[in-house]
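Undergrad: File name run-v1.pdb; file contents PDB, C-alpha atoms and all ligand atoms; full text below.
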ATOM      1  CA  MET A   1      -1.077 -12.716 -29.912
ATOM      2  CA  SER A   2      -0.528 -12.305 -26.209
ATOM      3  CA  GLU A   3      -0.462  -8.898 -24.600
ATOM      4  CA  LYS A   4       3.154  -7.871 -23.777
ATOM      5  CA  SER A   5       3.775  -5.356 -21.099
ATOM      6  CA  THR A   6       6.190  -4.580 -18.279
ATOM      7  CA  TYR A   7       3.552  -5.381 -15.702
ATOM      8  CA  ILE A   8       3.573  -9.069 -16.695
ATOM      9  CA  LYS A   9       6.198 -11.366 -15.121
ATOM     10  CA  ASP A  10       6.980 -15.045 -15.685
ATOM     11  CA  VAL A  11       6.723 -17.589 -12.854
ATOM     12  CA  PRO A  12       8.257 -20.974 -13.761
ATOM     13  CA  ALA A  13       6.527 -24.326 -13.110
ATOM     14  CA  GLY A  14       7.384 -25.828  -9.707
ATOM     15  CA  ARG A  15       7.754 -22.464  -7.953
ATOM     16  CA  LEU A  16       4.363 -22.826  -6.249
ATOM     17  CA  LYS A  17       4.389 -24.940  -3.091
ATOM     18  CA  THR A  18       1.311 -23.924  -1.111
ATOM     19  CA  PHE A  19      -2.243 -22.875  -1.906
ATOM     20  CA  ALA A  20      -5.452 -21.788  -0.204
ATOM     21  CA  ILE A  21      -9.024 -21.612  -1.472
ATOM     22  CA  GLU A  22     -11.463 -18.798  -0.687
ATOM     23  CA  ASN A  23     -15.004 -19.907  -1.316
ATOM     24  CA  ARG A  24     -18.373 -18.156  -1.619
ATOM     25  CA  GLY A  25     -19.960 -20.984   0.383
ATOM     26  CA  ASP A  26     -22.878 -22.027  -1.831
ATOM     27  CA  ALA A  27     -23.226 -25.750  -2.641
ATOM     28  CA  PHE A  28     -21.796 -25.444  -6.159
ATOM     29  CA  SER A  29     -18.743 -23.420  -5.067
ATOM     30  CA  ASP A  30     -18.213 -25.879  -2.197
ATOM     31  CA  ALA A  31     -18.182 -28.860  -4.556
ATOM     32  CA  LEU A  32     -15.760 -27.077  -6.878
ATOM     33  CA  ARG A  33     -13.559 -26.183  -3.930
ATOM     34  CA  LYS A  34     -13.357 -29.838  -2.903
ATOM     35  CA  HIS A  35     -12.541 -30.886  -6.474
ATOM     36  CA  ILE A  36      -9.685 -28.334  -6.742
ATOM     37  CA  PHE A  37      -8.418 -29.235  -3.255
ATOM     38  CA  ASP A  38      -8.326 -32.983  -4.076
ATOM     39  CA  GLN A  39      -6.564 -32.452  -7.413
ATOM     40  CA  LEU A  40      -3.901 -30.086  -6.082
ATOM     41  CA  THR A  41      -3.112 -32.079  -2.932
ATOM     42  CA  ALA A  42      -2.875 -35.257  -5.079
ATOM     43  CA  SER A  43      -0.230 -33.372  -7.074
ATOM     44  CA  LYS A  44       1.732 -32.745  -3.834
ATOM     45  CA  LEU A  45       0.827 -29.092  -3.365
ATOM     46  CA  ILE A  46       0.274 -28.243   0.291
ATOM     47  CA  TYR A  47      -2.903 -26.592   1.562
ATOM     48  CA  ASP A  48      -1.811 -23.644   3.736
ATOM     49  CA  ASP A  49      -4.365 -20.936   4.429
ATOM     50  CA  ILE A  50      -1.923 -18.976   6.621
ATOM     51  CA  GLN A  51       0.837 -18.351   4.060
ATOM     52  CA  PRO A  52      -0.324 -19.507   0.636
ATOM     53  CA  ASP A  53       1.762 -18.953  -2.518
ATOM     54  CA  LEU A  54      -1.492 -19.036  -4.492
ATOM     55  CA  VAL A  55      -5.028 -18.137  -3.416
ATOM     56  CA  ILE A  56      -7.787 -19.594  -5.566
ATOM     57  CA  SER A  57     -11.062 -17.743  -5.190
ATOM     58  CA  VAL A  58     -14.179 -19.751  -6.054
ATOM     59  CA  GLY A  59     -17.319 -17.613  -6.316
ATOM     60  CA  GLY A  60     -17.564 -14.111  -7.736
ATOM     61  CA  ASP A  61     -15.677 -10.832  -7.696
ATOM     62  CA  GLY A  62     -16.995 -10.350  -4.154
ATOM     63  CA  THR A  63     -15.278 -13.603  -3.121
ATOM     64  CA  LEU A  64     -12.017 -12.323  -4.569
ATOM     65  CA  LEU A  65     -12.415  -9.063  -2.629
ATOM     66  CA  GLN A  66     -12.753 -11.169   0.555
ATOM     67  CA  ALA A  67      -9.641 -13.154  -0.368
ATOM     68  CA  PHE A  68      -7.729  -9.945  -1.029
ATOM     69  CA  HIS A  69      -8.590  -8.500   2.394
ATOM     70  CA  ARG A  70      -7.696 -11.780   4.128
ATOM     71  CA  TYR A  71      -4.163 -11.746   2.654
ATOM     72  CA  SER A  72      -3.624  -8.002   2.131
ATOM     73  CA  ASP A  73      -0.677  -7.983   4.574
ATOM     74  CA  GLN A  74       1.271 -10.564   2.534
ATOM     75  CA  LEU A  75       0.724  -9.468  -1.053
ATOM     76  CA  ASN A  76       4.409  -9.880  -1.904
ATOM     77  CA  GLY A  77       4.370 -13.631  -1.434
ATOM     78  CA  THR A  78       0.873 -14.401  -2.697
ATOM     79  CA  ALA A  79      -0.716 -14.606  -6.153
ATOM     80  CA  PHE A  80      -4.471 -14.770  -6.768
ATOM     81  CA  VAL A  81      -6.634 -16.490  -9.335
ATOM     82  CA  GLY A  82     -10.429 -16.425  -9.575
ATOM     83  CA  VAL A  83     -12.900 -19.061 -10.717
ATOM     84  CA  HIS A  84     -16.445 -17.804 -11.149
ATOM     85  CA  THR A  85     -19.478 -19.841 -10.243
ATOM     86  CA  GLY A  86     -21.948 -17.121 -11.289
ATOM     87  CA  HIS A  87     -21.727 -14.725 -14.212
ATOM     88  CA  LEU A  88     -18.384 -13.653 -15.704
ATOM     89  CA  GLY A  89     -16.315 -11.754 -13.169
ATOM     90  CA  PHE A  90     -13.593  -9.177 -13.579
ATOM     91  CA  TYR A  91     -11.313 -10.811 -11.060
ATOM     92  CA  ALA A  92     -12.888 -14.284 -11.339
ATOM     93  CA  ASP A  93     -12.369 -15.037 -15.011
ATOM     94  CA  TRP A  94     -12.131 -18.861 -15.134
ATOM     95  CA  THR A  95     -15.292 -20.930 -15.599
ATOM     96  CA  ALA A  96     -16.109 -24.018 -13.535
ATOM     97  CA  GLY A  97     -15.667 -26.110 -16.706
ATOM     98  CA  GLU A  98     -12.072 -24.906 -17.080
ATOM     99  CA  VAL A  99     -10.965 -25.941 -13.595
ATOM    100  CA  ASP A 100      -9.098 -29.081 -14.711
ATOM    101  CA  ALA A 101      -7.129 -27.032 -17.255
ATOM    102  CA  LEU A 102      -6.396 -24.498 -14.517
ATOM    103  CA  VAL A 103      -5.151 -27.240 -12.154
ATOM    104  CA  HIS A 104      -2.965 -28.664 -14.937
ATOM    105  CA  SER A 105      -1.444 -25.219 -15.554
ATOM    106  CA  ILE A 106      -0.822 -24.673 -11.834
ATOM    107  CA  VAL A 107       0.896 -28.037 -11.418
ATOM    108  CA  SER A 108       2.801 -28.440 -14.679
ATOM    109  CA  GLU A 109       3.142 -25.285 -16.685
ATOM    110  CA  GLY A 110       3.941 -22.286 -14.531
ATOM    111  CA  PHE A 111       2.272 -18.980 -15.304
ATOM    112  CA  ASN A 112       2.608 -15.301 -15.965
ATOM    113  CA  SER A 113       1.780 -12.971 -13.184
ATOM    114  CA  VAL A 114       0.255  -9.590 -13.728
ATOM    115  CA  GLU A 115       0.313  -6.821 -11.135
ATOM    116  CA  TYR A 116      -2.547  -4.384 -10.639
ATOM    117  CA  PRO A 117      -2.419  -1.076  -8.726
ATOM    118  CA  LEU A 118      -4.171  -0.673  -5.369
ATOM    119  CA  LEU A 119      -5.574   2.316  -3.490
ATOM    120  CA  CYS A 120      -3.874   3.409  -0.253
ATOM    121  CA  VAL A 121      -6.122   5.132   2.299
ATOM    122  CA  SER A 122      -4.486   6.811   5.280
ATOM    123  CA  VAL A 123      -6.745   8.176   8.039
ATOM    124  CA  SER A 124      -5.226  10.678  10.519
ATOM    125  CA  TYR A 125      -7.008  11.472  13.781
ATOM    126  CA  MET A 126      -7.030  14.385  16.221
ATOM    127  CA  ASP A 127      -5.173  14.186  19.560
ATOM    128  CA  GLU A 128      -2.095  12.396  18.186
ATOM    129  CA  LYS A 129      -3.903   9.080  17.846
ATOM    130  CA  PRO A 130      -1.766   7.047  15.407
ATOM    131  CA  PRO A 131      -2.933   7.141  11.766
ATOM    132  CA  LYS A 132      -4.447   4.019  10.209
ATOM    133  CA  ASN A 133      -3.608   2.743   6.721
ATOM    134  CA  PHE A 134      -5.833   0.626   4.550
ATOM    135  CA  LEU A 135      -5.674  -0.902   1.073
ATOM    136  CA  ALA A 136      -8.569  -1.247  -1.344
ATOM    137  CA  LEU A 137      -8.759  -3.374  -4.463
ATOM    138  CA  ASN A 138     -11.892  -1.730  -5.924
ATOM    139  CA  GLU A 139     -12.527   1.536  -4.140
ATOM    140  CA  CYS A 140     -13.015   3.536  -0.962
ATOM    141  CA  THR A 141     -16.046   5.772  -0.486
ATOM    142  CA  VAL A 142     -16.269   8.613   2.050
ATOM    143  CA  ARG A 143     -19.660   9.596   3.461
ATOM    144  CA  SER A 144     -20.924  11.444   6.448
ATOM    145  CA  VAL A 145     -22.229   9.152   9.217
ATOM    146  CA  GLU A 146     -25.630  10.794   8.831
ATOM    147  CA  GLY A 147     -26.742  13.313   6.255
ATOM    148  CA  LEU A 148     -24.726  15.405   3.872
ATOM    149  CA  LEU A 149     -20.961  15.040   3.446
ATOM    150  CA  VAL A 150     -19.318  18.469   3.821
ATOM    151  CA  ALA A 151     -15.577  18.345   3.196
ATOM    152  CA  ASP A 152     -12.735  20.114   1.458
ATOM    153  CA  VAL A 153     -10.888  18.252  -1.270
ATOM    154  CA  MET A 154      -7.147  18.975  -1.472
ATOM    155  CA  ILE A 155      -4.803  17.829  -4.218
ATOM    156  CA  LYS A 156      -1.106  17.709  -3.323
ATOM    157  CA  GLY A 157      -1.786  19.860  -0.265
ATOM    158  CA  GLU A 158      -3.610  22.611  -2.141
ATOM    159  CA  LYS A 159      -7.348  23.224  -1.816
ATOM    160  CA  PHE A 160      -9.171  22.082  -4.937
ATOM    161  CA  GLU A 161     -12.857  22.381  -4.023
ATOM    162  CA  SER A 162     -15.423  22.351  -1.230
ATOM    163  CA  PHE A 163     -17.644  19.316  -1.598
ATOM    164  CA  ARG A 164     -21.244  18.978  -0.468
ATOM    165  CA  GLY A 165     -23.196  15.914  -1.410
ATOM    166  CA  ASP A 166     -23.672  12.231  -0.636
ATOM    167  CA  GLY A 167     -20.025  11.260  -0.878
ATOM    168  CA  LEU A 168     -16.769  10.790  -2.738
ATOM    169  CA  CYS A 169     -15.504   7.621  -4.383
ATOM    170  CA  PHE A 170     -11.798   6.876  -4.942
ATOM    171  CA  SER A 171     -11.270   3.852  -7.176
ATOM    172  CA  THR A 172      -8.421   1.765  -8.565
ATOM    173  CA  PRO A 173      -8.122   0.940 -12.281
ATOM    174  CA  THR A 174      -9.545  -2.574 -11.759
ATOM    175  CA  GLY A 175     -12.237  -1.076  -9.527
ATOM    176  CA  SER A 176     -13.151   1.362 -12.294
ATOM    177  CA  THR A 177     -15.647  -1.176 -13.693
ATOM    178  CA  ALA A 178     -17.381  -1.507 -10.296
ATOM    179  CA  TYR A 179     -18.992   1.311  -8.245
ATOM    180  CA  ASN A 180     -16.968   3.929 -10.153
ATOM    181  CA  LYS A 181     -18.704   2.941 -13.382
ATOM    182  CA  GLY A 182     -22.095   3.436 -11.758
ATOM    183  CA  LEU A 183     -20.965   6.988 -10.948
ATOM    184  CA  SER A 184     -20.108   7.631 -14.632
ATOM    185  CA  GLY A 185     -16.375   7.336 -14.028
ATOM    186  CA  ALA A 186     -14.072   6.261 -16.842
ATOM    187  CA  ILE A 187     -12.859   2.692 -17.260
ATOM    188  CA  ILE A 188      -9.085   2.760 -16.703
ATOM    189  CA  HIS A 189      -6.667   0.133 -17.990
ATOM    190  CA  PRO A 190      -4.844  -1.515 -15.030
ATOM    191  CA  SER A 191      -1.418  -0.865 -16.557
ATOM    192  CA  LEU A 192      -1.932   2.810 -15.581
ATOM    193  CA  PRO A 193      -1.023   3.251 -11.895
ATOM    194  CA  SER A 194      -3.642   5.819 -10.935
ATOM    195  CA  ILE A 195      -6.648   6.584  -8.770
ATOM    196  CA  GLN A 196      -9.948   8.018  -9.915
ATOM    197  CA  LEU A 197     -12.110  10.399  -7.866
ATOM    198  CA  THR A 198     -15.822  10.491  -8.669
ATOM    199  CA  GLU A 199     -18.576  12.447  -6.945
ATOM    200  CA  ILE A 200     -21.649  10.831  -5.415
ATOM    201  CA  ALA A 201     -24.562  13.249  -5.888
ATOM    202  CA  SER A 202     -22.823  16.602  -5.362
ATOM    203  CA  ILE A 203     -24.849  19.753  -4.751
ATOM    204  CA  ASN A 204     -24.132  22.313  -7.445
ATOM    205  CA  ASN A 205     -25.797  25.714  -7.488
ATOM    206  CA  ARG A 206     -24.796  29.373  -7.260
ATOM    207  CA  VAL A 207     -23.409  28.890  -3.759
ATOM    208  CA  TYR A 208     -21.726  25.482  -3.890
ATOM    209  CA  ARG A 209     -19.627  24.335  -6.816
ATOM    210  CA  THR A 210     -17.546  21.228  -7.567
ATOM    211  CA  VAL A 211     -15.751  20.316 -10.770
ATOM    212  CA  GLY A 212     -18.364  17.649 -11.575
ATOM    213  CA  SER A 213     -16.076  15.555 -13.808
ATOM    214  CA  PRO A 214     -14.193  12.482 -12.562
ATOM    215  CA  LEU A 215     -10.517  13.211 -11.850
ATOM    216  CA  ILE A 216      -7.738  10.738 -12.612
ATOM    217  CA  LEU A 217      -4.640  11.231 -10.479
ATOM    218  CA  PRO A 218      -1.249   9.716 -11.307
ATOM    219  CA  GLU A 219       1.098   8.013  -8.843
ATOM    220  CA  HIS A 220       2.480  10.400  -6.179
ATOM    221  CA  HIS A 221      -0.419  12.860  -6.467
ATOM    222  CA  HIS A 222      -2.013  12.567  -3.068
ATOM    223  CA  CYS A 223      -5.578  13.710  -2.531
ATOM    224  CA  GLN A 224      -6.826  14.657   0.936
ATOM    225  CA  VAL A 225     -10.372  14.916   2.217
ATOM    226  CA  MET A 226     -10.515  17.417   5.112
ATOM    227  CA  PRO A 227     -13.422  17.797   7.547
ATOM    228  CA  VAL A 228     -15.115  21.218   7.635
ATOM    229  CA  THR A 229     -17.173  20.868  10.833
ATOM    230  CA  ASP A 230     -18.253  17.240  11.347
ATOM    231  CA  ARG A 231     -15.226  14.982  11.975
ATOM    232  CA  SER A 232     -17.052  11.619  11.779
ATOM    233  CA  PHE A 233     -17.074   9.701   8.500
ATOM    234  CA  THR A 234     -18.249   6.374   7.162
ATOM    235  CA  LEU A 235     -15.593   4.767   4.974
ATOM    236  CA  SER A 236     -16.248   1.806   2.731
ATOM    237  CA  LEU A 237     -13.273  -0.263   1.618
ATOM    238  CA  ASP A 238     -14.531  -2.580  -1.119
ATOM    239  CA  HIS A 239     -17.264  -4.648   0.608
ATOM    240  CA  LEU A 240     -16.276  -3.529   4.145
ATOM    241  CA  SER A 241     -17.557  -0.457   5.937
ATOM    242  CA  SER A 242     -16.467   1.332   9.135
ATOM    243  CA  ILE A 243     -17.079   4.566  11.061
ATOM    244  CA  HIS A 244     -14.163   6.873  11.939
ATOM    245  CA  ASP A 245     -14.489   9.643  14.565
ATOM    246  CA  GLU A 246     -12.228  12.608  15.358
ATOM    247  CA  VAL A 247     -10.760  12.532  11.853
ATOM    248  CA  GLN A 248      -8.129  15.112  10.976
ATOM    249  CA  GLN A 249      -7.762  14.132   7.322
ATOM    250  CA  ILE A 250      -8.127  11.173   4.979
ATOM    251  CA  GLU A 251      -5.441  10.809   2.335
ATOM    252  CA  PHE A 252      -5.770   8.788  -0.878
ATOM    253  CA  SER A 253      -2.931   7.721  -3.165
ATOM    254  CA  VAL A 254      -1.746   4.924  -5.408
ATOM    255  CA  ALA A 255      -0.445   2.275  -2.992
ATOM    256  CA  LYS A 256       3.155   1.042  -3.003
ATOM    257  CA  GLU A 257       1.757  -2.486  -2.749
ATOM    258  CA  LYS A 258       0.217  -4.235  -5.755
ATOM    259  CA  ILE A 259      -1.972  -7.291  -6.131
ATOM    260  CA  ARG A 260      -0.499 -10.082  -8.231
ATOM    261  CA  PHE A 261      -2.751 -12.254 -10.344
ATOM    262  CA  ALA A 262      -1.604 -15.589 -11.718
ATOM    263  CA  ARG A 263      -2.435 -15.545 -15.401
ATOM    264  CA  PHE A 264      -2.464 -18.896 -17.150
ATOM    265  CA  ARG A 265      -3.795 -17.637 -20.454
ATOM    266  CA  PRO A 266      -4.236 -14.187 -21.980
ATOM    267  CA  PHE A 267      -7.586 -12.582 -21.234
ATOM    268  CA  PRO A 268      -7.078  -8.924 -22.137
ATOM    269  CA  PHE A 269      -8.782  -6.309 -19.989
ATOM    270  CA  TRP A 270     -10.737  -4.767 -22.866
ATOM    271  CA  ARG A 271     -12.105  -8.191 -23.818
ATOM    272  CA  ARG A 272     -13.268  -8.648 -20.225
ATOM    273  CA  VAL A 273     -14.953  -5.239 -20.389
ATOM    274  CA  ARG A 274     -16.660  -6.121 -23.659
ATOM    275  CA  ASP A 275     -17.777  -9.567 -22.458
ATOM    276  CA  SER A 276     -19.195  -8.124 -19.229
ATOM    277  CA  PHE A 277     -20.902  -4.990 -20.443
ATOM    278  CA  ILE A 278     -21.566  -5.415 -24.147
ATOM    279  CA  GLY A 279     -21.941  -9.190 -24.471
TER     280      GLY A 279
HETATM  281  P1  LIG B 301     -22.177  -7.058  -4.514
HETATM  282  O1  LIG B 301     -23.346  -6.276  -4.057
HETATM  283  O2  LIG B 301     -22.351  -8.493  -4.859
HETATM  284  O3  LIG B 301     -21.417  -6.299  -5.724
HETATM  285  C1  LIG B 301     -22.078  -5.622  -6.708
HETATM  286  C2  LIG B 301     -21.652  -6.166  -8.073
HETATM  287  O4  LIG B 301     -20.364  -5.643  -8.423
HETATM  288  C3  LIG B 301     -21.537  -7.675  -8.176
HETATM  289  O5  LIG B 301     -22.154  -8.076  -9.380
HETATM  290  C4  LIG B 301     -20.039  -7.901  -8.219
HETATM  291  O6  LIG B 301     -19.690  -9.086  -8.910
HETATM  292  C5  LIG B 301     -19.608  -6.686  -9.007
HETATM  293  N1  LIG B 301     -18.184  -6.315  -8.928
HETATM  294  C6  LIG B 301     -17.346  -6.336  -7.855
HETATM  295  N2  LIG B 301     -16.144  -5.867  -8.201
HETATM  296  C7  LIG B 301     -16.203  -5.554  -9.531
HETATM  297  C8  LIG B 301     -15.275  -5.027 -10.461
HETATM  298  N3  LIG B 301     -14.032  -4.704 -10.095
HETATM  299  N4  LIG B 301     -15.688  -4.812 -11.736
HETATM  300  C9  LIG B 301     -16.950  -5.095 -12.124
HETATM  301  N5  LIG B 301     -17.879  -5.594 -11.282
HETATM  302  C10 LIG B 301     -17.499  -5.824  -9.996
HETATM  303  O7  LIG B 301     -21.032  -6.917  -3.393
HETATM  304  P2  LIG B 301     -19.569  -7.511  -3.503
HETATM  305  O8  LIG B 301     -19.543  -8.653  -4.434
HETATM  306  O9  LIG B 301     -19.070  -7.670  -2.119
HETATM  307  O10 LIG B 301     -18.755  -6.322  -4.192
HETATM  308  C11 LIG B 301     -18.480  -5.119  -3.530
HETATM  309  C12 LIG B 301     -18.413  -4.061  -4.588
HETATM  310  O11 LIG B 301     -19.710  -3.722  -5.022
HETATM  311  C13 LIG B 301     -17.838  -2.755  -4.119
HETATM  312  O12 LIG B 301     -16.429  -2.786  -4.106
HETATM  313  C14 LIG B 301     -18.406  -1.792  -5.131
HETATM  314  O13 LIG B 301     -17.534  -1.620  -6.237
HETATM  315  C15 LIG B 301     -19.652  -2.475  -5.664
HETATM  316  N6  LIG B 301     -20.796  -1.614  -5.393
HETATM  317  C16 LIG B 301     -21.384  -1.007  -6.450
HETATM  318  C17 LIG B 301     -22.423  -0.097  -6.276
HETATM  319  C18 LIG B 301     -23.020   0.574  -7.456
HETATM  320  O14 LIG B 301     -22.581   0.317  -8.592
HETATM  321  N7  LIG B 301     -23.978   1.451  -7.248
HETATM  322  C19 LIG B 301     -22.871   0.175  -4.982
HETATM  323  C20 LIG B 301     -22.259  -0.465  -3.909
HETATM  324  C21 LIG B 301     -21.202  -1.364  -4.138
HETATM  325  P3  LIG B 301     -19.972 -10.553  -8.269
HETATM  326  O15 LIG B 301     -21.437 -10.795  -8.404
HETATM  327  O16 LIG B 301     -19.160 -11.451  -9.153
HETATM  328  O17 LIG B 301     -19.521 -10.560  -6.838
HETATM  329 MN    MN B 302     -20.924 -10.186  -4.964
END
Show this structure as structure tokens.
TA:
Amino acid sequence: MSEKSTYIKDVPAGRLKTFAIENRGDAFSDALRKHIFDQLTASKLIYDDIQPDLVISVGGDGTLLQAFHRYSDQLNGTAFVGVHTGHLGFYADWTAGEVDALVHSIVSEGFNSVEYPLLCVSVSYMDEKPPKNFLALNECTVRSVEGLLVADVMIKGEKFESFRGDGLCFSTPTGSTAYNKGLSGAIIHPSLPSIQLTEIASINNRVYRTVGSPLILPEHHHCQVMPVTDRSFTLSLDHLSSIHDEVQQIEFSVAKEKIRFARFRPFPFWRRVRDSFIG
């Protein structure tokens, strides 16, 4: 029986006009890319890597993260699907051997689309420099540029704790099986619009104390990280990393935007978790 939920929407056959392919770049992924390209263009779909209706990622979850960041400013008009050319992926859940069935579904059958929550990161700076907003599909980590991260953690504008340690990780539900899992965070079903905060090696003793447990925040509960003395931070957004100076605060929340995946067959989240981690 297929999973029924409000986060799944139907897209009829023929709605898709344009596609793009994001590719890991190894010889096998390249060959598969060419095969998909030839089949779809022969079926009169148009290759358009500027404004694609569908982005096909050929590689691993990392390739899908790249695809997401390439098209993160046009998520409304774009759906994603992942083909894995390594081990089973969370975002890349079609095998190379299933590509012809995938092409057939794209061309002739239409598909369901499923929407997953994203993380919104808003960095405010001193001296009235305009704030910068970012989206993450897996997670954002906050670290000091060198040494210990010292920062206050606020929830909905109220101080929650003073953090000292290596860093803080804010993850999405679909990112909960990535870095977050390595930090002993919970695995969250993507139908729950939420963000999870996990600690990276916090210092806990008689002087410094943090809650220690991962926190799961619902939509509209914003969490802010506030500098204590050092205002420079290293932020990672999925596979990308950047340094931010003169930071006033960094705010994390469930994003208004969502990522839409084209789903041509049911592959329930918990089955993906089992197949990846239990076998
Ligand atoms: P990478 O070093 O290849 O990624 C590490 C592994 O995480 C890869 O096996 C990747 O799968 C897998 N992965 C990515 N997203 C996942 C998800 N949502 N659920 C389960 N596994 C996932 O680098 P990358 O491919 O560019 O991925 C970047 C991600 O690596 C970051 O977003 C972060 O989550 C993760 N990471 C984890 C740790 C840790 O656990 N200690 C440390 C740093 C980064 P593929 O091989 O299919 O790409
Ligand atoms: Mn990777």
Undergrad: Could you check which of A:Phe160, A:Phe90, A:Tyr116, A:Tyr208 is closest to ligand LIG 301 (chain B), using only C-alpha atoms and all ligand atoms?
TA: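 Checking each candidate against ligand LIG 301 (chain B), we get A:Phe90 as the closest.
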Undergrad: With the PyMOL selection byres (((chain A and resi 237-252) around 8) and not hetatm) as the selection, what would be picked from this file? Answer as a CSV table (one decimal) with C-alpha atoms, keeping the file's coordinate frame, please.
TA:
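See part.csv below for the written result:
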chain,number,residue,atom,x,y,z
A,62,GLY,CA,-17.0,-10.4,-4.2
A,65,LEU,CA,-12.4,-9.1,-2.6
A,66,GLN,CA,-12.8,-11.2,0.6
A,119,LEU,CA,-5.6,2.3,-3.5
A,120,CYS,CA,-3.9,3.4,-0.3
A,121,VAL,CA,-6.1,5.1,2.3
A,122,SER,CA,-4.5,6.8,5.3
A,123,VAL,CA,-6.7,8.2,8.0
A,124,SER,CA,-5.2,10.7,10.5
A,125,TYR,CA,-7.0,11.5,13.8
A,126,MET,CA,-7.0,14.4,16.2
A,135,LEU,CA,-5.7,-0.9,1.1
A,136,ALA,CA,-8.6,-1.2,-1.3
A,137,LEU,CA,-8.8,-3.4,-4.5
A,138,ASN,CA,-11.9,-1.7,-5.9
A,139,GLU,CA,-12.5,1.5,-4.1
A,140,CYS,CA,-13.0,3.5,-1.0
A,141,THR,CA,-16.0,5.8,-0.5
A,145,VAL,CA,-22.2,9.2,9.2
A,170,PHE,CA,-11.8,6.9,-4.9
A,222,HIS,CA,-2.0,12.6,-3.1
A,223,CYS,CA,-5.6,13.7,-2.5
A,224,GLN,CA,-6.8,14.7,0.9
A,225,VAL,CA,-10.4,14.9,2.2
A,226,MET,CA,-10.5,17.4,5.1
A,227,PRO,CA,-13.4,17.8,7.5
A,231,ARG,CA,-15.2,15.0,12.0
A,232,SER,CA,-17.1,11.6,11.8
A,233,PHE,CA,-17.1,9.7,8.5
A,234,THR,CA,-18.2,6.4,7.2
A,235,LEU,CA,-15.6,4.8,5.0
A,236,SER,CA,-16.2,1.8,2.7
A,253,SER,CA,-2.9,7.7,-3.2
A,254,VAL,CA,-1.7,4.9,-5.4
Undergrad: Step by step, gather every atom of ligand LIG 301 (chain B) that the file lists, find the box along x, y and z that holds them, add 3 Å on each side, and finally give centre and edge lengths in Å to one decimal, as lines of an AutoDock Vina configuration file.
TA:
center_x = -19.0
center_y = -5.0
center_z = -7.1
size_x = 15.9
size_y = 18.9
size_z = 16.0
Undergrad: Measuring atom to atom with all atoms listed in the file, identify which of A:Gln51, A:Ser72, A:Thr229, A:Thr85 is nearest to ligand MN 302 (chain B).
TA: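 Residue with the minimum atom-to-atom distance to ligand MN 302 (chain B): A:Thr85.
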Undergrad: Identify all residues satisfying the PyMOL selection byres (((chain A and resi 19) around 9) and not hetatm) in the given file; provide them as a count of residues only.
TA: 18
Undergrad: I'd like to see the residues matched by the PyMOL selection byres (((chain A and resi 260) around 6) and not hetatm) on this file, and ideally I'd get them as a PyMOL selection string.
TA: chain A and resi 79+114-115+259+261
Undergrad: Here is a test: counting all atoms listed in the file, which residue of A:Asp93, A:Gly279, A:Thr63, A:Gly157 is nearest to A:Phe267?
TA: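 Closest to A:Phe267 of all the choices is A:Asp93.
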Undergrad: Using only C-alpha atoms, find the one residue out of A:Gly77, A:Gly175, A:Gly86, A:Gly147 that sits nearest to A:Leu118.
TA: A:Gly175
Undergrad: Could you tell me which of A:Lys256, A:Pro266, A:Arg272, A:Ile50 comes closest to A:Glu219 if we count only C-alpha atoms?
TA: A:Lys256
Undergrad: Considering all atoms listed in the file, can you say which of A:Asp38, A:Glu109, A:Asp61, A:Asp30 comes closest to ligand LIG 301 (chain B)?
TA: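 Checking each of A:Asp38, A:Glu109, A:Asp61, A:Asp30 against ligand LIG 301 (chain B), counting all atoms listed in the file, the winner is A:Asp61.
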Undergrad: How far is it from atom CA of A:Arg24 to atom CA of A:Val58, in Å with one decimal?
TA: 6.3 Å
